[in-house]
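J.: So that we are looking at the same thing, I have put the structure below in structure tokens.
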Amino acid sequence: MNEHISESAALYALGLLEPPETNAIDAHVAACEACSQALAQAYDDVAAAASAQPQYAAPASLDARVGSLWTPPKKHGWSLRQLGAIAALLAIALLPTAYLLHREQTMHRAMLADAGLFARMASSPHRMVAFTGGADAKVVYGNDGSWYGVIVRGATRPLRLVWMHDGQRTMLGQVQSRGDLAMIYLPESHRMEHLALADGDRVVAEAKLAF
Amino acid sequence: MQAHAEDSALADAFAAHERWAFDEAYARYASLLYSTAYHVVGNGEDAEDVVHDALARIWRSPGAYTRSRGAIRSFLVVCVRNEAVSRVRSKQRRLRLVERVAAEPEEHDELRVVDVIEHDRLRNAMTKLPPEQRRPLELAYFEQLSHTEIARTLDQPLGTVKSRIAMGLRKLGAALQPPS
């Protein structure tokens with residue numbers, strides 16, 4: 001396809017074209033900035049239409065299925081004999097490697113969480129509140145209470161983030177160490193007005209959040 | 001365009017196929033994607049499969065999204081919607097618009113509506129289009145007819161149908177875009 005796609009952009013975005021036509025447009029758009037912008041505009045128009053229809057919460061079963069798409073599956077089905085052999089191998093030769101691998105994976109997960117939090121802070125209106133008590137910590141949270149990040153400086157012991165509500169405590173997760181800093185990021189949440197950091201069962205710092 | 005509403009870090013990471021960006025994009029747009037699929041296929045089970053399959057296709061195709069495709073949000077909506085349209089066509093389930101509108105309230109009883117304010121914005125916006133643009137766009141958007149089927153249904157030349165759909169969609173998008 002050498003000519004510009006013009007109104008075919010709308011047909012493409014609406015899913016009205018057959019594969020040969022879409023393939024031709026894909027090839028053309030890859031090399032034509034004007035048509036690339038026209039296609040992006042048509043995408044935005046379709047998305048605007050979709051957004052203007054009633055919105056429903058995605059079911060939890062979908063969340064789990066989608067999450068597993070890009071999370072490597074855990075392997076199952078090893079026999080006891082195989083497990084024993086692997087354990088022996090690890091103990092004899094691979095333990096240092098396993099340790100390094102585990103540390104790398106932990107760091108990778110931590111980096112993913114950090115990157116998610118930083119991206120959220122860069123793109124979403126948010127507030128920051130300092131914890132009071134025995135921890136140098138701050139909570140960053142979306143103005144709508146849909147996400148939270150907690151940063152602790154100089155924690156010498158592993159701390160847990162706790163939601164204080166209705167006379168109860170709900171454990172939200174472990175604050176993960178990043179050397180001098182420790183962090184936890186909750187990308188999806190509901191509004192929480194009272195958070196605490198706990199060392200075991202003992203609350204060491206609290207933060208009251210305003211919305 | 002919507003690109004300004006998303007941070008470029010997320011778009012760059014999504015284009016680079018980074019896992020956290022897929023997690024983040026899904027967290028942000030899960031409801032919109034599921035709703036988009038639901039409105040095409042008409043039931044929750046198929047809608048769930050559609051979103052899953054569309055995202056699986058994107059995840060397995062590095063390079064499927066590039067910054068030139070615009071906002072991630074729009075890209076994902078179009079991918080999910082096209083997956084849903086393909087599914088409906090393959091099952092030969094082309095429901096009439098009127099039947100679907102009549103069936104919607106009962107079908108949605110078990111679902112949690114998260115945005116009731118938006119309820120009729122699309123149909124209201126559609127009614128403001130000139131009839132010659134509205135009808136082909138309705139057939140395309142709500143009934144998933146192809147452009148050749150629309151031309152045949154309306155007894156109009158294919159080129160006319162194409163340009164009317166394009167003009168209608170642009171007006172609709174402009175009317176529904178949030179103010180920047």
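All residue names refer to the structure tokens as shown: chains lettered A, B, ... in order, residues numbered from 1 in each chain, ligands numbered from 1 in order.
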For A:Phe118, find every residue with an atom within 10 Å (counting only C-alpha atoms), except residues of its own chain fewer than 5 positions away, and show them as an MDAnalysis selection string.
T.: (chainID A and resid 112:113 123 149 185) or (chainID B and resid 9)
J.: Taking only C-alpha atoms into account, find every residue of chain A that has an atom no more than 9 Å from chain B, and write it out as a CSV table (one decimal) with N, CA and C atoms, in the first residue's frame.
T.:
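Okay, out25.csv is ready:
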chain,number,residue,atom,x,y,z
A,6,SER,N,-5.9,7.3,5.0
A,6,SER,CA,-7.0,8.2,5.2
A,6,SER,C,-8.1,7.5,6.1
A,7,GLU,N,-9.3,7.3,5.4
A,7,GLU,CA,-10.4,6.8,6.3
A,7,GLU,C,-10.3,5.4,6.6
A,8,SER,N,-9.4,4.7,6.0
A,8,SER,CA,-9.2,3.3,6.4
A,8,SER,C,-8.7,3.1,7.9
A,9,ALA,N,-8.1,4.3,8.4
A,9,ALA,CA,-7.7,4.2,9.8
A,9,ALA,C,-8.8,3.9,10.7
A,10,ALA,N,-10.0,4.6,10.5
A,10,ALA,CA,-11.2,4.3,11.3
A,10,ALA,C,-11.7,2.9,11.2
A,11,LEU,N,-11.7,2.4,9.9
A,11,LEU,CA,-12.1,1.0,9.7
A,11,LEU,C,-11.2,0.0,10.4
A,13,ALA,N,-9.3,0.7,13.1
A,13,ALA,CA,-9.5,0.7,14.5
A,13,ALA,C,-10.8,0.1,15.0
A,14,LEU,N,-11.8,0.1,14.1
A,14,LEU,CA,-13.1,-0.5,14.5
A,14,LEU,C,-13.1,-2.0,14.2
A,15,GLY,N,-12.0,-2.5,13.6
A,15,GLY,CA,-12.0,-4.0,13.4
A,15,GLY,C,-12.8,-4.4,12.2
A,16,LEU,N,-13.0,-3.5,11.2
A,16,LEU,CA,-13.9,-3.8,10.1
A,16,LEU,C,-13.1,-4.5,8.9
A,17,LEU,N,-11.8,-4.4,9.0
A,17,LEU,CA,-11.0,-4.9,7.8
A,17,LEU,C,-10.6,-6.3,7.9
A,18,GLU,N,-10.4,-6.9,6.8
A,18,GLU,CA,-9.9,-8.3,6.7
A,18,GLU,C,-8.4,-8.3,6.8
A,29,VAL,N,1.9,2.0,7.7
A,29,VAL,CA,2.0,2.9,8.9
A,29,VAL,C,3.4,2.9,9.5
A,30,ALA,N,4.1,1.7,9.4
A,30,ALA,CA,5.4,1.6,9.9
A,30,ALA,C,6.4,2.6,9.3
A,33,GLU,N,4.7,8.6,9.0
A,33,GLU,CA,4.4,9.3,10.2
A,33,GLU,C,3.0,9.8,10.3
A,36,SER,N,0.6,7.1,10.7
A,36,SER,CA,0.7,6.6,12.1
A,36,SER,C,-0.1,7.4,13.0
A,37,GLN,N,0.0,8.7,12.9
A,37,GLN,CA,-0.8,9.7,13.7
A,37,GLN,C,-2.3,9.5,13.5
A,39,LEU,N,-3.8,6.9,12.6
A,39,LEU,CA,-4.2,5.6,13.2
A,39,LEU,C,-4.3,5.8,14.7
A,40,ALA,N,-3.3,6.5,15.3
A,40,ALA,CA,-3.4,6.7,16.7
A,40,ALA,C,-4.6,7.5,17.1
A,41,GLN,N,-5.0,8.5,16.3
A,41,GLN,CA,-6.2,9.3,16.5
A,41,GLN,C,-7.4,8.4,16.5
A,42,ALA,N,-7.5,7.5,15.5
A,42,ALA,CA,-8.6,6.6,15.3
A,42,ALA,C,-8.7,5.7,16.6
A,43,TYR,N,-7.6,5.2,17.0
A,43,TYR,CA,-7.5,4.4,18.2
A,43,TYR,C,-8.1,5.2,19.4
A,44,ASP,N,-7.7,6.4,19.6
A,44,ASP,CA,-8.2,7.2,20.7
A,44,ASP,C,-9.7,7.4,20.5
A,45,ASP,N,-10.2,7.6,19.3
A,45,ASP,CA,-11.7,7.8,19.1
A,45,ASP,C,-12.4,6.5,19.6
A,46,VAL,N,-11.9,5.3,19.2
A,46,VAL,CA,-12.6,4.1,19.6
A,46,VAL,C,-12.5,3.9,21.1
A,47,ALA,N,-11.4,4.3,21.7
A,47,ALA,CA,-11.2,4.1,23.1
A,47,ALA,C,-12.2,5.1,23.8
A,48,ALA,N,-12.4,6.3,23.3
A,48,ALA,CA,-13.3,7.3,23.9
A,48,ALA,C,-14.7,6.7,23.8
A,49,ALA,N,-15.1,6.1,22.7
A,49,ALA,CA,-16.4,5.5,22.6
A,49,ALA,C,-16.6,4.3,23.6
A,50,ALA,N,-15.5,3.5,23.7
A,50,ALA,CA,-15.6,2.4,24.7
A,50,ALA,C,-15.7,2.9,26.1
A,51,SER,N,-15.0,4.0,26.4
A,51,SER,CA,-15.0,4.6,27.8
A,51,SER,C,-16.4,5.1,28.1
A,52,ALA,N,-17.2,5.5,27.1
A,52,ALA,CA,-18.4,6.1,27.3
A,52,ALA,C,-19.6,5.1,27.5
A,53,GLN,N,-19.2,3.9,27.5
A,53,GLN,CA,-20.3,2.8,27.8
A,53,GLN,C,-20.2,2.5,29.3
A,54,PRO,N,-21.2,1.8,29.8
A,54,PRO,CA,-21.1,1.5,31.2
A,54,PRO,C,-19.8,0.6,31.5
A,55,GLN,N,-19.2,0.9,32.7
A,55,GLN,CA,-18.0,0.3,33.0
A,55,GLN,C,-18.2,-0.7,34.2
A,56,TYR,N,-17.7,-1.9,34.0
A,56,TYR,CA,-17.8,-3.0,35.0
A,56,TYR,C,-16.5,-3.4,35.6
A,57,ALA,N,-16.5,-3.7,36.8
A,57,ALA,CA,-15.2,-4.2,37.4
A,57,ALA,C,-14.8,-5.5,36.8
A,58,ALA,N,-13.5,-5.7,36.5
A,58,ALA,CA,-13.0,-6.9,36.0
A,58,ALA,C,-13.1,-8.0,37.1
A,59,PRO,N,-13.5,-9.2,36.8
A,59,PRO,CA,-13.6,-10.2,37.9
A,59,PRO,C,-12.2,-10.6,38.4
A,61,SER,N,-11.1,-13.5,38.9
A,61,SER,CA,-10.6,-14.7,38.1
A,61,SER,C,-9.8,-14.2,36.9
A,62,LEU,N,-10.3,-13.1,36.3
A,62,LEU,CA,-9.5,-12.5,35.1
A,62,LEU,C,-8.2,-11.9,35.6
A,63,ASP,N,-8.2,-11.2,36.7
A,63,ASP,CA,-6.9,-10.7,37.3
A,63,ASP,C,-5.9,-11.8,37.4
A,65,ARG,N,-5.8,-14.8,35.9
A,65,ARG,CA,-5.4,-15.3,34.6
A,65,ARG,C,-4.4,-14.4,33.9
A,66,VAL,N,-4.7,-13.1,33.9
A,66,VAL,CA,-3.9,-12.2,33.2
A,66,VAL,C,-2.5,-12.1,33.9
A,67,GLY,N,-2.5,-12.1,35.2
A,67,GLY,CA,-1.3,-12.0,36.0
A,67,GLY,C,-0.3,-13.1,35.6
A,69,LEU,N,0.0,-14.5,32.9
A,69,LEU,CA,0.5,-14.4,31.5
A,69,LEU,C,2.0,-14.1,31.5
A,70,TRP,N,2.4,-13.1,32.3
A,70,TRP,CA,3.7,-12.6,32.3
A,70,TRP,C,4.5,-13.0,33.6
A,71,THR,N,3.9,-13.9,34.4
A,71,THR,CA,4.7,-14.4,35.6
A,71,THR,C,5.1,-15.8,35.2
A,112,LEU,N,11.1,-4.0,40.0
A,112,LEU,CA,9.8,-3.8,39.3
A,112,LEU,C,8.8,-3.0,40.2
A,113,ALA,N,8.8,-3.3,41.5
A,113,ALA,CA,7.9,-2.5,42.4
A,113,ALA,C,8.4,-1.1,42.4
A,115,ALA,N,10.0,0.6,40.2
A,115,ALA,CA,9.7,1.3,39.0
A,115,ALA,C,8.2,1.6,38.9
A,116,GLY,N,7.4,0.7,39.3
A,116,GLY,CA,6.0,1.0,39.3
A,116,GLY,C,5.6,2.1,40.1
A,119,ALA,N,6.9,5.4,38.5
A,119,ALA,CA,6.0,5.8,37.4
A,119,ALA,C,4.7,6.4,37.9
A,120,ARG,N,4.2,5.8,38.9
A,120,ARG,CA,2.9,6.2,39.4
A,120,ARG,C,3.0,7.7,40.0
A,122,ALA,N,5.2,9.8,39.1
A,122,ALA,CA,5.4,10.8,38.0
A,122,ALA,C,4.2,11.1,37.3
A,123,SER,N,3.2,10.2,37.3
A,123,SER,CA,2.0,10.4,36.4
A,123,SER,C,0.7,10.7,37.1
A,124,SER,N,0.7,10.5,38.4
A,124,SER,CA,-0.6,10.7,39.1
A,124,SER,C,-0.5,11.7,40.2
A,187,PRO,N,0.0,-1.2,44.3
A,187,PRO,CA,-0.5,-0.5,43.1
A,187,PRO,C,-2.0,-0.4,43.0
A,188,GLU,N,-2.7,-1.3,43.7
A,188,GLU,CA,-4.2,-1.2,43.7
A,188,GLU,C,-4.7,-1.4,45.1
J.: What is the atom CA of A:Ala60-atom CA of A:Met183 distance in Å, reported with one decimal?
T.: 25.9 Å
J.: Using backbone DSSP assignments, extract all alpha helix (DSSP H) residues from stretch 117-161 of chain A; output them as number ranges by chain.
T.: A: 117-123
J.: Generate a file of the selected residues that holds C-alpha atoms, formatted as a tab-separated table (two decimals), in the first residue's frame.
T.:
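Output (again_18.tsv):
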chain	number	residue	atom	x	y	z
A	117	LEU	CA	5.88	3.32	42.25
A	118	PHE	CA	8.11	5.90	40.58
A	119	ALA	CA	6.04	5.77	37.39
A	120	ARG	CA	2.88	6.25	39.44
A	121	MET	CA	4.36	9.19	41.31
A	122	ALA	CA	5.43	10.78	38.05
A	123	SER	CA	2.04	10.41	36.42
J.: Please provide as a list in words all residues within 9 Å of stretch 193-200 of chain A, with the sequence filter that same-chain residues fewer than 3 positions apart are discarded (counting only C-alpha atoms).
T.: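 After dropping sequence-adjacent residues, the list is Phe131, Ala135, Ala137, Val139, Gly145, Arg157, Pro158, Leu159, Arg160, Leu161, Val162, Trp163, Met164, His165, Arg169, Val175, Val203, Val204, Ala205, Glu206, Ala207, Lys208, Leu209, Ala210 and Phe211 of chain A.
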J.: Could you save the residues just selected, with N, CA and C atoms, as a PDB file, in the first residue's frame?
T.:
ATOM      1  N   PHE A 131       5.311   9.264  58.745  1.00  0.00           N
ATOM      2  CA  PHE A 131       4.885   8.474  59.900  1.00  0.00           C
ATOM      3  C   PHE A 131       5.399   9.151  61.171  1.00  0.00           C
ATOM      4  N   ALA A 135       9.999   5.310  63.574  1.00  0.00           N
ATOM      5  CA  ALA A 135      10.544   4.938  62.268  1.00  0.00           C
ATOM      6  C   ALA A 135      10.586   6.170  61.386  1.00  0.00           C
ATOM      7  N   ALA A 137       9.875   7.226  58.269  1.00  0.00           N
ATOM      8  CA  ALA A 137       9.145   6.651  57.137  1.00  0.00           C
ATOM      9  C   ALA A 137       8.122   7.641  56.603  1.00  0.00           C
ATOM     10  N   VAL A 139       4.666   7.872  53.698  1.00  0.00           N
ATOM     11  CA  VAL A 139       3.752   7.186  52.792  1.00  0.00           C
ATOM     12  C   VAL A 139       3.375   8.148  51.675  1.00  0.00           C
ATOM     13  N   GLY A 145      -6.763   7.596  46.772  1.00  0.00           N
ATOM     14  CA  GLY A 145      -6.575   6.454  47.658  1.00  0.00           C
ATOM     15  C   GLY A 145      -6.486   5.116  46.948  1.00  0.00           C
ATOM     16  N   ARG A 157      15.288  -3.565  61.355  1.00  0.00           N
ATOM     17  CA  ARG A 157      14.554  -4.836  61.424  1.00  0.00           C
ATOM     18  C   ARG A 157      13.460  -4.832  60.355  1.00  0.00           C
ATOM     19  N   PRO A 158      13.062  -6.022  59.883  1.00  0.00           N
ATOM     20  CA  PRO A 158      11.982  -6.052  58.886  1.00  0.00           C
ATOM     21  C   PRO A 158      10.674  -5.546  59.488  1.00  0.00           C
ATOM     22  N   LEU A 159      10.017  -4.645  58.764  1.00  0.00           N
ATOM     23  CA  LEU A 159       8.764  -4.063  59.247  1.00  0.00           C
ATOM     24  C   LEU A 159       7.612  -4.506  58.363  1.00  0.00           C
ATOM     25  N   ARG A 160       6.430  -4.510  58.942  1.00  0.00           N
ATOM     26  CA  ARG A 160       5.223  -4.843  58.189  1.00  0.00           C
ATOM     27  C   ARG A 160       4.336  -3.620  58.104  1.00  0.00           C
ATOM     28  N   LEU A 161       3.664  -3.477  56.953  1.00  0.00           N
ATOM     29  CA  LEU A 161       2.711  -2.379  56.797  1.00  0.00           C
ATOM     30  C   LEU A 161       1.329  -2.900  57.183  1.00  0.00           C
ATOM     31  N   VAL A 162       0.654  -2.113  58.018  1.00  0.00           N
ATOM     32  CA  VAL A 162      -0.620  -2.566  58.583  1.00  0.00           C
ATOM     33  C   VAL A 162      -1.675  -1.480  58.374  1.00  0.00           C
ATOM     34  N   TRP A 163      -2.866  -1.904  58.001  1.00  0.00           N
ATOM     35  CA  TRP A 163      -4.016  -0.985  57.895  1.00  0.00           C
ATOM     36  C   TRP A 163      -4.790  -1.053  59.209  1.00  0.00           C
ATOM     37  N   MET A 164      -4.943   0.092  59.869  1.00  0.00           N
ATOM     38  CA  MET A 164      -5.673   0.171  61.136  1.00  0.00           C
ATOM     39  C   MET A 164      -7.093   0.640  60.833  1.00  0.00           C
ATOM     40  N   HIS A 165      -8.040  -0.177  61.165  1.00  0.00           N
ATOM     41  CA  HIS A 165      -9.426   0.207  60.879  1.00  0.00           C
ATOM     42  C   HIS A 165     -10.383  -0.514  61.801  1.00  0.00           C
ATOM     43  N   ARG A 169      -6.507  -4.720  62.882  1.00  0.00           N
ATOM     44  CA  ARG A 169      -5.287  -4.521  62.101  1.00  0.00           C
ATOM     45  C   ARG A 169      -5.300  -5.491  60.925  1.00  0.00           C
ATOM     46  N   VAL A 175       7.618  -4.690  54.339  1.00  0.00           N
ATOM     47  CA  VAL A 175       8.400  -3.621  53.721  1.00  0.00           C
ATOM     48  C   VAL A 175       9.735  -4.220  53.306  1.00  0.00           C
ATOM     49  N   VAL A 203       3.354  -2.095  67.076  1.00  0.00           N
ATOM     50  CA  VAL A 203       3.308  -0.929  66.189  1.00  0.00           C
ATOM     51  C   VAL A 203       4.412   0.039  66.589  1.00  0.00           C
ATOM     52  N   VAL A 204       5.243   0.415  65.595  1.00  0.00           N
ATOM     53  CA  VAL A 204       6.352   1.321  65.904  1.00  0.00           C
ATOM     54  C   VAL A 204       6.147   2.711  65.319  1.00  0.00           C
ATOM     55  N   ALA A 205       5.241   2.847  64.353  1.00  0.00           N
ATOM     56  CA  ALA A 205       4.993   4.171  63.777  1.00  0.00           C
ATOM     57  C   ALA A 205       3.615   4.168  63.133  1.00  0.00           C
ATOM     58  N   GLU A 206       3.007   5.353  63.090  1.00  0.00           N
ATOM     59  CA  GLU A 206       1.666   5.452  62.525  1.00  0.00           C
ATOM     60  C   GLU A 206       1.580   6.673  61.615  1.00  0.00           C
ATOM     61  N   ALA A 207       0.661   6.608  60.662  1.00  0.00           N
ATOM     62  CA  ALA A 207       0.416   7.753  59.777  1.00  0.00           C
ATOM     63  C   ALA A 207      -1.086   7.893  59.564  1.00  0.00           C
ATOM     64  N   LYS A 208      -1.576   9.114  59.728  1.00  0.00           N
ATOM     65  CA  LYS A 208      -2.978   9.425  59.449  1.00  0.00           C
ATOM     66  C   LYS A 208      -3.030  10.136  58.092  1.00  0.00           C
ATOM     67  N   LEU A 209      -3.823   9.602  57.192  1.00  0.00           N
ATOM     68  CA  LEU A 209      -3.853  10.107  55.822  1.00  0.00           C
ATOM     69  C   LEU A 209      -5.101  10.947  55.598  1.00  0.00           C
ATOM     70  N   ALA A 210      -4.913  12.077  54.903  1.00  0.00           N
ATOM     71  CA  ALA A 210      -6.044  12.945  54.574  1.00  0.00           C
ATOM     72  C   ALA A 210      -6.401  12.780  53.105  1.00  0.00           C
ATOM     73  N   PHE A 211      -7.669  12.907  52.778  1.00  0.00           N
ATOM     74  CA  PHE A 211      -8.114  12.819  51.371  1.00  0.00           C
ATOM     75  C   PHE A 211      -8.936  14.041  51.019  1.00  0.00           C
TER      76      PHE A 211
END
J.: Give me the residues within 9 Å of A:Ile184 as a list in words, counting only C-alpha atoms and dropping any in the same chain fewer than 2 places off.
T.: Ala110, Ala113, Asp114, Leu117, Tyr148, Gly149, Val150, Ile151, Val152, Leu161, Gly173, Gln174, Val175, Gln176, Ser177, Ala182 and Leu186 of chain A
J.: May I ask for the distance between atom CA of A:Arg191 and atom CA of A:Gln168, given in Å to one decimal place?
T.: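 Atom CA of A:Gln168 lies at a distance of 15.6 Å from atom CA of A:Arg191.
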J.: So how far away is atom CA of B:Ala15 from atom CA of B:Arg87, in Å?
T.: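 Atom CA of B:Arg87 sits 26.2 Å away from atom CA of B:Ala15.
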